[in-house]
>>> print(open('upload.pdb').read())   # PDB, C-alpha atoms
ATOM      1  CA  MET A   1      -8.945  28.481  24.727
ATOM      2  CA  LYS A   2      -9.775  32.195  24.644
ATOM      3  CA  LYS A   3      -7.702  32.718  27.791
ATOM      4  CA  GLN A   4      -4.690  31.041  26.211
ATOM      5  CA  PHE A   5      -5.069  33.076  23.016
ATOM      6  CA  THR A   6      -5.516  36.265  25.014
ATOM      7  CA  ILE A   7      -2.370  35.654  27.083
ATOM      8  CA  LEU A   8      -0.417  35.115  23.884
ATOM      9  CA  LEU A   9      -1.580  38.421  22.494
ATOM     10  CA  ILE A  10      -1.390  40.514  25.653
ATOM     11  CA  LEU A  11       2.331  40.382  25.990
ATOM     12  CA  SER A  12       3.022  40.681  22.265
ATOM     13  CA  MET A  13       2.607  44.467  22.481
ATOM     14  CA  MET A  14       5.810  44.639  24.453
ATOM     15  CA  LEU A  15       8.015  44.814  21.356
ATOM     16  CA  ALA A  16       8.105  47.195  18.379
ATOM     17  CA  VAL A  17       9.243  45.923  14.985
ATOM     18  CA  PHE A  18      12.899  46.501  14.355
ATOM     19  CA  HIS A  19      15.347  45.747  11.569
ATOM     20  CA  ILE A  20      19.072  45.272  11.958
ATOM     21  CA  THR A  21      21.720  45.999   9.344
ATOM     22  CA  SER A  22      24.081  43.314   8.135
ATOM     23  CA  TYR A  23      27.572  42.643   9.352
ATOM     24  CA  ALA A  24      30.294  44.337   7.327
ATOM     25  CA  GLY A  25      32.123  41.173   6.307
ATOM     26  CA  ASN A  26      33.522  39.681   9.505
ATOM     27  CA  ASP A  27      34.034  43.049  11.197
ATOM     28  CA  LEU A  28      31.639  42.492  14.082
ATOM     29  CA  SER A  29      32.332  45.968  15.473
ATOM     30  CA  ALA A  30      30.448  47.356  12.464
ATOM     31  CA  PHE A  31      27.365  45.327  13.403
ATOM     32  CA  ARG A  32      24.839  47.960  14.360
ATOM     33  CA  SER A  33      21.171  48.677  13.686
ATOM     34  CA  THR A  34      20.504  51.967  11.922
ATOM     35  CA  THR A  35      16.932  52.150  13.231
ATOM     36  CA  HIS A  36      16.605  50.184  16.485
ATOM     37  CA  ASP A  37      19.977  50.209  18.122
ATOM     38  CA  VAL A  38      18.489  51.975  21.161
ATOM     39  CA  TYR A  39      15.769  50.683  23.475
ATOM     40  CA  GLU A  40      14.029  53.429  25.459
ATOM     41  CA  ALA A  41      12.934  52.071  28.854
ATOM     42  CA  ILE A  42      10.357  54.105  30.775
ATOM     43  CA  PRO A  43       9.916  54.316  34.561
ATOM     44  CA  ALA A  44       7.805  51.473  35.935
ATOM     45  CA  PRO A  45       4.362  52.911  36.844
ATOM     46  CA  PHE A  46       3.626  49.907  39.070
ATOM     47  CA  THR A  47       5.230  47.680  41.662
ATOM     48  CA  VAL A  48       7.023  44.874  39.832
ATOM     49  CA  VAL A  49       6.699  41.436  41.400
ATOM     50  CA  ILE A  50       9.418  39.045  40.221
ATOM     51  CA  ASP A  51       7.414  35.848  39.913
ATOM     52  CA  GLY A  52       7.409  34.990  36.201
ATOM     53  CA  ASP A  53       3.599  34.980  36.312
ATOM     54  CA  MET A  54       2.172  35.278  32.810
ATOM     55  CA  THR A  55      -1.495  34.872  33.809
ATOM     56  CA  THR A  56      -2.172  38.187  35.564
ATOM     57  CA  ASP A  57      -3.112  40.167  32.447
ATOM     58  CA  ASP A  58      -5.624  37.845  30.801
ATOM     59  CA  GLU A  59      -8.379  40.466  30.737
ATOM     60  CA  TRP A  60      -6.595  42.272  27.903
ATOM     61  CA  ASP A  61      -7.446  41.501  24.301
ATOM     62  CA  LEU A  62      -5.044  42.767  21.630
ATOM     63  CA  PRO A  63      -4.860  42.409  17.816
ATOM     64  CA  GLU A  64      -3.357  39.153  16.586
ATOM     65  CA  ASP A  65      -0.935  40.863  14.198
ATOM     66  CA  ASP A  66       0.902  42.526  17.103
ATOM     67  CA  TRP A  67       2.825  39.265  17.669
ATOM     68  CA  ILE A  68       6.235  40.159  16.246
ATOM     69  CA  SER A  69       9.512  38.277  16.001
ATOM     70  CA  ILE A  70      12.902  39.859  16.723
ATOM     71  CA  GLU A  71      15.282  40.003  13.765
ATOM     72  CA  PHE A  72      19.069  39.978  14.044
ATOM     73  CA  PRO A  73      21.956  39.452  11.590
ATOM     74  CA  MET A  74      24.162  36.393  11.575
ATOM     75  CA  GLU A  75      27.899  36.470  10.884
ATOM     76  CA  ASP A  76      27.337  36.025   7.133
ATOM     77  CA  GLY A  77      25.167  39.157   7.083
ATOM     78  CA  SER A  78      21.845  37.396   6.507
ATOM     79  CA  MET A  79      18.832  38.318   8.602
ATOM     80  CA  THR A  80      17.069  35.819  10.832
ATOM     81  CA  VAL A  81      14.839  35.558  13.877
ATOM     82  CA  PHE A  82      16.459  32.275  14.910
ATOM     83  CA  GLU A  83      19.965  30.936  14.360
ATOM     84  CA  GLU A  84      20.435  27.164  14.236
ATOM     85  CA  TRP A  85      23.516  25.764  15.978
ATOM     86  CA  ASP A  86      25.278  22.411  16.391
ATOM     87  CA  GLY A  87      22.836  20.425  14.289
ATOM     88  CA  GLY A  88      19.719  22.051  15.691
ATOM     89  CA  THR A  89      16.690  22.795  13.528
ATOM     90  CA  TRP A  90      14.023  25.503  13.620
ATOM     91  CA  SER A  91      10.591  25.115  12.024
ATOM     92  CA  GLY A  92       9.097  28.560  12.681
ATOM     93  CA  PRO A  93       7.861  30.890  15.443
ATOM     94  CA  ASP A  94       5.818  28.131  17.111
ATOM     95  CA  ASP A  95       9.096  26.267  17.561
ATOM     96  CA  HIS A  96      10.890  29.220  19.207
ATOM     97  CA  ASP A  97      10.209  32.964  19.320
ATOM     98  CA  THR A  98      11.165  35.775  21.720
ATOM     99  CA  LEU A  99       9.746  39.105  22.930
ATOM    100  CA  PHE A 100      11.232  41.313  25.648
ATOM    101  CA  ASP A 101      10.537  44.451  27.634
ATOM    102  CA  ILE A 102      12.440  46.673  30.102
ATOM    103  CA  VAL A 103      11.286  49.261  32.663
ATOM    104  CA  TRP A 104      13.126  50.963  35.523
ATOM    105  CA  SER A 105      12.943  52.747  38.862
ATOM    106  CA  PRO A 106      15.692  54.420  40.932
ATOM    107  CA  GLU A 107      15.996  51.135  42.842
ATOM    108  CA  ALA A 108      16.045  48.639  39.952
ATOM    109  CA  VAL A 109      15.961  47.860  36.243
ATOM    110  CA  TYR A 110      13.413  45.171  35.357
ATOM    111  CA  LEU A 111      13.673  42.819  32.377
ATOM    112  CA  MET A 112      10.831  40.631  31.158
ATOM    113  CA  VAL A 113      11.268  38.085  28.361
ATOM    114  CA  LEU A 114       8.480  35.974  26.890
ATOM    115  CA  VAL A 115       9.482  32.913  24.869
ATOM    116  CA  THR A 116       7.229  30.782  22.703
ATOM    117  CA  ASP A 117       8.776  27.307  22.648
ATOM    118  CA  ASP A 118       7.101  24.053  21.641
ATOM    119  CA  ASP A 119       9.397  21.988  23.865
ATOM    120  CA  HIS A 120      11.191  23.183  26.991
ATOM    121  CA  GLN A 121      14.148  21.055  28.087
ATOM    122  CA  ASN A 122      17.031  21.656  30.457
ATOM    123  CA  ALA A 123      17.868  18.339  32.074
ATOM    124  CA  SER A 124      21.212  19.474  33.486
ATOM    125  CA  ASN A 125      19.897  22.738  35.005
ATOM    126  CA  SER A 126      22.404  24.642  32.871
ATOM    127  CA  GLY A 127      22.363  28.398  32.401
ATOM    128  CA  TRP A 128      23.144  27.966  28.714
ATOM    129  CA  ASP A 129      23.175  24.336  27.519
ATOM    130  CA  GLY A 130      19.479  23.876  26.870
ATOM    131  CA  ASP A 131      16.476  26.178  27.092
ATOM    132  CA  ALA A 132      17.966  29.132  28.961
ATOM    133  CA  MET A 133      18.772  32.842  28.668
ATOM    134  CA  GLN A 134      22.240  34.390  28.624
ATOM    135  CA  ILE A 135      22.343  38.072  29.563
ATOM    136  CA  LEU A 136      25.452  40.173  28.948
ATOM    137  CA  ILE A 137      25.506  43.732  30.291
ATOM    138  CA  VAL A 138      27.982  46.570  29.778
ATOM    139  CA  PRO A 139      27.237  48.892  32.743
ATOM    140  CA  SER A 140      29.131  51.840  31.231
ATOM    141  CA  GLY A 141      27.090  51.763  28.036
ATOM    142  CA  ILE A 142      30.379  52.052  26.111
ATOM    143  CA  ARG A 143      30.113  49.456  23.371
ATOM    144  CA  GLU A 144      33.704  48.846  22.447
ATOM    145  CA  PRO A 145      35.781  45.634  22.356
ATOM    146  CA  GLY A 146      36.946  44.424  25.753
ATOM    147  CA  GLU A 147      34.728  46.771  27.765
ATOM    148  CA  PRO A 148      34.083  45.541  31.345
ATOM    149  CA  HIS A 149      30.853  43.578  31.480
ATOM    150  CA  VAL A 150      28.800  41.228  33.645
ATOM    151  CA  GLU A 151      27.008  38.048  32.650
ATOM    152  CA  PHE A 152      24.005  36.274  34.100
ATOM    153  CA  ASN A 153      22.956  32.896  32.669
ATOM    154  CA  ILE A 154      19.520  31.910  33.950
ATOM    155  CA  ALA A 155      17.220  28.976  33.294
ATOM    156  CA  LEU A 156      14.345  26.794  34.428
ATOM    157  CA  GLY A 157      15.513  23.221  34.903
ATOM    158  CA  ASP A 158      13.401  20.203  34.051
ATOM    159  CA  ASP A 159      13.042  19.491  37.779
ATOM    160  CA  GLY A 160      11.689  22.997  38.472
ATOM    161  CA  THR A 161      15.003  24.432  39.672
ATOM    162  CA  VAL A 162      15.409  28.125  38.853
ATOM    163  CA  VAL A 163      19.035  28.780  37.845
ATOM    164  CA  THR A 164      19.727  32.386  38.806
ATOM    165  CA  GLY A 165      23.175  32.836  37.282
ATOM    166  CA  GLY A 166      24.618  34.263  40.474
ATOM    167  CA  LEU A 167      21.739  36.653  41.142
ATOM    168  CA  PRO A 168      19.814  36.372  44.428
ATOM    169  CA  GLU A 169      16.742  34.144  44.184
ATOM    170  CA  ASP A 170      14.344  37.063  44.697
ATOM    171  CA  GLN A 171      15.724  38.776  41.582
ATOM    172  CA  VAL A 172      14.829  36.005  39.120
ATOM    173  CA  GLY A 173      11.419  34.502  38.327
ATOM    174  CA  ILE A 174      10.877  31.900  35.588
ATOM    175  CA  THR A 175       7.718  29.943  34.822
ATOM    176  CA  ARG A 176       6.669  27.566  32.078
ATOM    177  CA  ASP A 177       3.119  26.961  30.802
ATOM    178  CA  ASP A 178       3.114  23.824  28.667
ATOM    179  CA  ASP A 179      -0.527  24.346  27.706
ATOM    180  CA  ILE A 180       0.262  27.518  25.762
ATOM    181  CA  LYS A 181       3.910  26.565  25.069
ATOM    182  CA  MET A 182       5.374  29.674  26.709
ATOM    183  CA  THR A 183       8.172  30.456  29.142
ATOM    184  CA  MET A 184       8.375  33.777  31.004
ATOM    185  CA  TYR A 185      11.551  35.229  32.505
ATOM    186  CA  GLU A 186      11.491  38.196  34.902
ATOM    187  CA  VAL A 187      14.761  39.645  36.209
ATOM    188  CA  LYS A 188      15.519  42.507  38.601
ATOM    189  CA  PHE A 189      18.892  44.278  38.497
ATOM    190  CA  LEU A 190      20.070  46.508  41.342
ATOM    191  CA  PRO A 191      22.187  49.675  40.866
ATOM    192  CA  SER A 192      24.934  48.207  43.057
ATOM    193  CA  GLN A 193      25.305  45.304  40.623
ATOM    194  CA  PHE A 194      26.217  47.872  37.977
ATOM    195  CA  GLY A 195      28.443  49.936  40.241
ATOM    196  CA  ALA A 196      25.879  52.723  40.718
ATOM    197  CA  ALA A 197      24.099  54.234  43.719
ATOM    198  CA  GLU A 198      20.759  54.448  41.922
ATOM    199  CA  PHE A 199      19.305  54.429  38.437
ATOM    200  CA  VAL A 200      18.501  57.847  36.962
ATOM    201  CA  GLU A 201      17.194  59.248  33.716
ATOM    202  CA  GLY A 202      19.767  59.283  30.944
ATOM    203  CA  ILE A 203      21.776  56.248  32.059
ATOM    204  CA  GLU A 204      22.818  54.059  29.141
ATOM    205  CA  ILE A 205      23.539  50.336  29.440
ATOM    206  CA  GLY A 206      24.828  47.905  26.816
ATOM    207  CA  VAL A 207      22.683  44.754  26.714
ATOM    208  CA  SER A 208      22.725  41.415  24.899
ATOM    209  CA  LEU A 209      19.921  38.882  25.259
ATOM    210  CA  CYS A 210      20.590  35.404  23.930
ATOM    211  CA  VAL A 211      17.679  33.014  24.413
ATOM    212  CA  ASN A 212      18.922  29.480  23.808
ATOM    213  CA  ASP A 213      16.793  26.656  22.478
ATOM    214  CA  GLY A 214      17.123  22.898  22.776
ATOM    215  CA  ASP A 215      14.514  20.464  21.503
ATOM    216  CA  GLY A 216      14.500  16.974  22.965
ATOM    217  CA  PRO A 217      14.878  14.109  22.709
ATOM    218  CA  ASP A 218      16.991  14.375  19.549
ATOM    219  CA  GLU A 219      18.254  17.949  19.952
ATOM    220  CA  LEU A 220      19.267  18.264  23.598
ATOM    221  CA  GLY A 221      21.517  21.117  24.726
ATOM    222  CA  GLN A 222      22.192  24.434  22.992
ATOM    223  CA  LYS A 223      20.884  23.972  19.464
ATOM    224  CA  GLY A 224      20.181  27.557  18.482
ATOM    225  CA  TRP A 225      19.101  30.948  19.772
ATOM    226  CA  SER A 226      16.996  34.056  19.308
ATOM    227  CA  GLY A 227      17.143  37.419  21.087
ATOM    228  CA  TRP A 228      18.414  40.990  20.824
ATOM    229  CA  TYR A 229      22.027  41.362  19.721
ATOM    230  CA  PRO A 230      22.766  37.719  20.694
ATOM    231  CA  HIS A 231      26.154  37.791  18.943
ATOM    232  CA  ALA A 232      27.569  39.830  21.793
ATOM    233  CA  ASN A 233      26.998  36.725  23.897
ATOM    234  CA  VAL A 234      27.680  33.703  21.684
ATOM    235  CA  ILE A 235      30.627  32.753  19.473
ATOM    236  CA  GLY A 236      32.816  34.768  21.839
ATOM    237  CA  LYS A 237      31.978  37.678  24.104
ATOM    238  CA  ASN A 238      31.822  40.818  21.971
ATOM    239  CA  THR A 239      30.869  43.809  24.098
ATOM    240  CA  GLU A 240      30.944  46.085  21.051
ATOM    241  CA  ASN A 241      27.889  44.232  19.737
ATOM    242  CA  THR A 242      25.428  44.913  22.538
ATOM    243  CA  GLY A 243      22.253  46.874  22.016
ATOM    244  CA  LEU A 244      21.859  50.118  23.950
ATOM    245  CA  VAL A 245      19.210  50.519  26.657
ATOM    246  CA  LYS A 246      18.543  54.140  27.630
ATOM    247  CA  LEU A 247      16.550  55.060  30.738
ATOM    248  CA  VAL A 248      14.047  57.737  29.699
ATOM    249  CA  PRO A 249      11.521  59.732  31.750
ATOM    250  CA  ALA A 250       8.266  58.792  30.040
ATOM    251  CA  SER A 251       6.699  56.566  27.395
ATOM    252  CA  THR A 252       6.987  57.607  23.771
ATOM    253  CA  ALA A 253       4.884  56.532  20.813
ATOM    254  CA  VAL A 254       6.038  53.345  19.126
ATOM    255  CA  ASP A 255       7.487  54.231  15.724
ATOM    256  CA  VAL A 256       8.703  51.284  13.669
ATOM    257  CA  LYS A 257      11.120  53.634  11.916
ATOM    258  CA  GLY A 258      12.436  54.975  15.184
ATOM    259  CA  LYS A 259      13.608  53.472  18.450
ATOM    260  CA  LEU A 260      12.352  50.582  20.470
ATOM    261  CA  THR A 261      10.212  51.696  23.360
ATOM    262  CA  THR A 262       8.619  49.862  26.236
ATOM    263  CA  THR A 263       4.893  49.111  26.448
ATOM    264  CA  TRP A 264       4.987  46.637  29.349
ATOM    265  CA  GLY A 265       4.429  49.487  31.787
ATOM    266  CA  SER A 266       0.989  50.173  30.304
ATOM    267  CA  ILE A 267       0.044  46.486  30.141
ATOM    268  CA  LYS A 268       1.202  44.683  33.295
ATOM    269  CA  LYS A 269      -0.561  45.738  36.505
TER     270      LYS A 269
END
>>> encode(input="upload.pdb", output="structure tokens")
Amino acid sequence: MKKQFTILLILSMMLAVFHITSYAGNDLSAFRSTTHDVYEAIPAPFTVVIDGDMTTDDEWDLPEDDWISIEFPMEDGSMTVFEEWDGGTWSGPDDHDTLFDIVWSPEAVYLMVLVTDDDHQNASNSGWDGDAMQILIVPSGIREPGEPHVEFNIALGDDGTVVTGGLPEDQVGITRDDDIKMTMYEVKFLPSQFGAAEFVEGIEIGVSLCVNDGDGPDELGQKGWSGWYPHANVIGKNTENTGLVKLVPASTAVDVKGKLTTTWGSIKK
């Protein structure tokens, strides 16, 4: 029991609190956080293994109140950490909740997403219609309507199939632990996939993370989502509504009134 509780708390440090401003009416281009629009990703001080393994850090013991949900605005301007869709229901963070972290090296950008979910279902092995993650990336970092972008929809099917969304198999790792009701996604992006020779300090990338939820047997398929700027990815593809990831040279102190910053690099070994 302690191990399960510890795992839950270890990875919770990966996200700082952030608050997002409301939409300006239906003008989605005005949708922008005044405090946490930018995520500062530090260089990875370790060799990242893409295996989706959430059990390697169980020696850490962190405060319980560091478990934080991600807020985002819906089209009506209201704030939420989960948006219900197509008849789906959400009962709280034990039902569905998301944390994420990003680090980088000259050879790759690494994304890790940890999802608390009481019921994982993806019977059709779909990259979006069920428990899955849709990733939209604007390589230029220019967040304007119609900007060139790439999408990767990844998932863990009910039969154990890892849906990679067009990425090579060694660039996606997804595991599910039903005992602690958690799913971990690890993704590796290469510079060539973004039209670059290598990743360097100062590069900016537009990113949307939409983590879909489906609860069986009565709520199969895409019944809602959480994430970071998910409205760049659902209800149309709106590249102007991505968050901004900036590759920075070193870790900075987490300031809830400032920018998001990574802490995975000091946790995962």
>>> closest_atom_pairs(input="upload.pdb", of="range 58-131 of chain A", to="range 163-179 of chain A", cutoff="9 Å", atoms="all atoms listed in the file", output="tab-separated table")
residue	atom	partner	partner_atom	distance
A:Asp117	CA	A:Asp178	CA	9.0
A:Asp118	CA	A:Asp178	CA	8.1
A:Asp119	CA	A:Asp178	CA	8.1
A:His120	CA	A:Arg176	CA	8.1
A:Asn125	CA	A:Val163	CA	6.7
A:Ser126	CA	A:Val163	CA	7.3
A:Gly127	CA	A:Val163	CA	6.4
>>> closest_atom_pairs(input="upload.pdb", of="range 168-258 of chain A", to="range 81-101 of chain A", cutoff="7 Å", atoms="all atoms listed in the file", output="CSV")
residue,atom,partner,partner_atom,distance
A:Glu219,CA,A:Gly88,CA,6.1
A:Lys223,CA,A:Gly88,CA,4.4
A:Gly224,CA,A:Glu84,CA,4.3
A:Trp225,CA,A:Glu83,CA,5.5
A:Ser226,CA,A:Phe82,CA,4.8
A:Gly227,CA,A:Thr98,CA,6.2
>>> resolve_selection(input="upload.pdb", expression="the PyMOL selection byres ((chain A and resi 110) around 9)", output="ChimeraX atom specification")
/A:44,48,50,101-105,108-109,111-112,186-189
>>> atom_distance(input="upload.pdb", atom1="CA of Ala196 in chain A", atom2="CA of Leu247 in chain A")
13.9 Å
>>> closest_residue(input="upload.pdb", among="A:Val211, A:Ile154, A:Met79, A:Met74", to="Ile235 in chain A", atoms="all atoms listed in the file")
A:Met74
>>> atom_distance(input="upload.pdb", atom1="CA of Ala123 in chain A", atom2="CA of Tyr229 in chain A")
26.5 Å
>>> residues_near_point(input="upload.pdb", point="(22.3, 53.5, 31.1)", cutoff="6 Å", atoms="only C-alpha atoms", output="PyMOL selection string")
chain A and resi 141+203-205+246-247
>>> atom_distance(input="upload.pdb", atom1="CA of Thr116 in chain A", atom2="CA of Phe72 in chain A")
17.3 Å
>>> decode(input="upload.pdb", residues="range 101-206 of chain A", atoms="C-alpha atoms", output="JSON list (two decimals), in the first residue's frame")
[["chain", "number", "residue", "atom", "x", "y", "z"],
["A", 101, "ASP", "CA", 6.49, 16.73, -17.92],
["A", 102, "ILE", "CA", 8.97, 17.52, -20.73],
["A", 103, "VAL", "CA", 12.78, 17.41, -20.92],
["A", 104, "TRP", "CA", 15.16, 17.58, -23.88],
["A", 105, "SER", "CA", 18.57, 16.78, -25.32],
["A", 106, "PRO", "CA", 20.12, 17.73, -28.69],
["A", 107, "GLU", "CA", 18.92, 14.35, -29.99],
["A", 108, "ALA", "CA", 15.34, 14.33, -28.67],
["A", 109, "VAL", "CA", 12.48, 15.96, -26.79],
["A", 110, "TYR", "CA", 10.90, 13.65, -24.21],
["A", 111, "LEU", "CA", 7.28, 13.86, -23.04],
["A", 112, "MET", "CA", 5.94, 12.00, -20.02],
["A", 113, "VAL", "CA", 2.24, 12.02, -19.09],
["A", 114, "LEU", "CA", 0.77, 10.38, -16.00],
["A", 115, "VAL", "CA", -2.98, 9.77, -15.96],
["A", 116, "THR", "CA", -5.08, 8.74, -12.99],
["A", 117, "ASP", "CA", -8.07, 6.85, -14.41],
["A", 118, "ASP", "CA", -10.42, 4.53, -12.55],
["A", 119, "ASP", "CA", -11.24, 2.56, -15.70],
["A", 120, "HIS", "CA", -9.04, 2.19, -18.77],
["A", 121, "GLN", "CA", -10.83, 1.09, -21.94],
["A", 122, "ASN", "CA", -9.88, 1.14, -25.60],
["A", 123, "ALA", "CA", -11.47, -1.89, -27.22],
["A", 124, "SER", "CA", -10.90, -0.71, -30.79],
["A", 125, "ASN", "CA", -7.22, 0.23, -30.30],
["A", 126, "SER", "CA", -8.07, 3.78, -31.38],
["A", 127, "GLY", "CA", -5.72, 6.72, -31.00],
["A", 128, "TRP", "CA", -8.61, 8.91, -29.87],
["A", 129, "ASP", "CA", -11.91, 7.05, -29.41],
["A", 130, "GLY", "CA", -11.41, 5.77, -25.89],
["A", 131, "ASP", "CA", -8.65, 6.18, -23.33],
["A", 132, "ALA", "CA", -5.90, 7.71, -25.46],
["A", 133, "MET", "CA", -3.75, 10.82, -25.91],
["A", 134, "GLN", "CA", -3.86, 13.21, -28.86],
["A", 135, "ILE", "CA", -0.72, 15.31, -29.31],
["A", 136, "LEU", "CA", -0.68, 18.31, -31.65],
["A", 137, "ILE", "CA", 2.64, 20.06, -32.26],
["A", 138, "VAL", "CA", 3.48, 23.29, -34.08],
["A", 139, "PRO", "CA", 7.22, 22.90, -34.84],
["A", 140, "SER", "CA", 7.70, 26.60, -35.65],
["A", 141, "GLY", "CA", 6.32, 27.71, -32.30],
["A", 142, "ILE", "CA", 4.21, 30.27, -34.20],
["A", 143, "ARG", "CA", 0.75, 29.97, -32.69],
["A", 144, "GLU", "CA", -1.46, 31.39, -35.37],
["A", 145, "PRO", "CA", -4.46, 29.91, -37.22],
["A", 146, "GLY", "CA", -3.56, 27.44, -39.95],
["A", 147, "GLU", "CA", 0.09, 27.10, -38.95],
["A", 148, "PRO", "CA", 1.70, 23.84, -40.19],
["A", 149, "HIS", "CA", 1.49, 21.18, -37.50],
["A", 150, "VAL", "CA", 1.90, 17.46, -36.85],
["A", 151, "GLU", "CA", -0.36, 15.14, -34.89],
["A", 152, "PHE", "CA", 0.32, 11.92, -33.05],
["A", 153, "ASN", "CA", -2.60, 9.98, -31.52],
["A", 154, "ILE", "CA", -1.33, 7.26, -29.20],
["A", 155, "ALA", "CA", -3.03, 4.73, -26.96],
["A", 156, "LEU", "CA", -2.88, 1.45, -25.08],
["A", 157, "GLY", "CA", -5.48, -0.96, -26.43],
["A", 158, "ASP", "CA", -7.42, -3.37, -24.26],
["A", 159, "ASP", "CA", -5.45, -6.24, -25.81],
["A", 160, "GLY", "CA", -2.10, -4.65, -24.87],
["A", 161, "THR", "CA", -1.45, -3.14, -28.31],
["A", 162, "VAL", "CA", 0.48, 0.13, -28.15],
["A", 163, "VAL", "CA", -0.91, 2.52, -30.79],
["A", 164, "THR", "CA", 1.99, 4.77, -31.76],
["A", 165, "GLY", "CA", 0.19, 7.25, -33.99],
["A", 166, "GLY", "CA", 2.72, 6.88, -36.78],
["A", 167, "LEU", "CA", 5.78, 7.14, -34.55],
["A", 168, "PRO", "CA", 8.30, 4.27, -34.50],
["A", 169, "GLU", "CA", 7.61, 1.71, -31.78],
["A", 170, "ASP", "CA", 10.78, 2.61, -29.86],
["A", 171, "GLN", "CA", 9.56, 6.20, -29.48],
["A", 172, "VAL", "CA", 6.37, 5.38, -27.56],
["A", 173, "GLY", "CA", 5.96, 3.54, -24.25],
["A", 174, "ILE", "CA", 2.59, 3.13, -22.50],
["A", 175, "THR", "CA", 1.80, 1.05, -19.43],
["A", 176, "ARG", "CA", -1.25, 0.62, -17.23],
["A", 177, "ASP", "CA", -1.28, -0.34, -13.53],
["A", 178, "ASP", "CA", -4.82, -1.30, -12.56],
["A", 179, "ASP", "CA", -3.84, -1.67, -8.90],
["A", 180, "ILE", "CA", -3.11, 2.04, -8.54],
["A", 181, "LYS", "CA", -5.44, 3.10, -11.40],
["A", 182, "MET", "CA", -2.72, 4.87, -13.39],
["A", 183, "THR", "CA", -1.57, 4.98, -17.00],
["A", 184, "MET", "CA", 1.86, 6.31, -18.00],
["A", 185, "TYR", "CA", 2.76, 7.60, -21.47],
["A", 186, "GLU", "CA", 6.37, 8.25, -22.51],
["A", 187, "VAL", "CA", 7.11, 9.69, -25.96],
["A", 188, "LYS", "CA", 10.37, 10.57, -27.72],
["A", 189, "PHE", "CA", 10.41, 13.12, -30.55],
["A", 190, "LEU", "CA", 13.37, 13.44, -32.92],
["A", 191, "PRO", "CA", 14.58, 16.75, -34.43],
["A", 192, "SER", "CA", 14.01, 15.39, -37.94],
["A", 193, "GLN", "CA", 10.32, 14.91, -37.15],
["A", 194, "PHE", "CA", 10.15, 18.66, -36.56],
["A", 195, "GLY", "CA", 12.27, 19.58, -39.56],
["A", 196, "ALA", "CA", 15.39, 20.35, -37.49],
["A", 197, "ALA", "CA", 18.93, 18.98, -37.38],
["A", 198, "GLU", "CA", 19.07, 19.00, -33.58],
["A", 199, "PHE", "CA", 17.35, 20.55, -30.60],
["A", 200, "VAL", "CA", 19.08, 23.57, -29.07],
["A", 201, "GLU", "CA", 18.46, 26.04, -26.30],
["A", 202, "GLY", "CA", 15.88, 28.67, -27.16],
["A", 203, "ILE", "CA", 13.78, 26.57, -29.54],
["A", 204, "GLU", "CA", 10.06, 27.14, -29.07],
["A", 205, "ILE", "CA", 7.40, 24.56, -29.95],
["A", 206, "GLY", "CA", 3.61, 24.87, -29.84]]
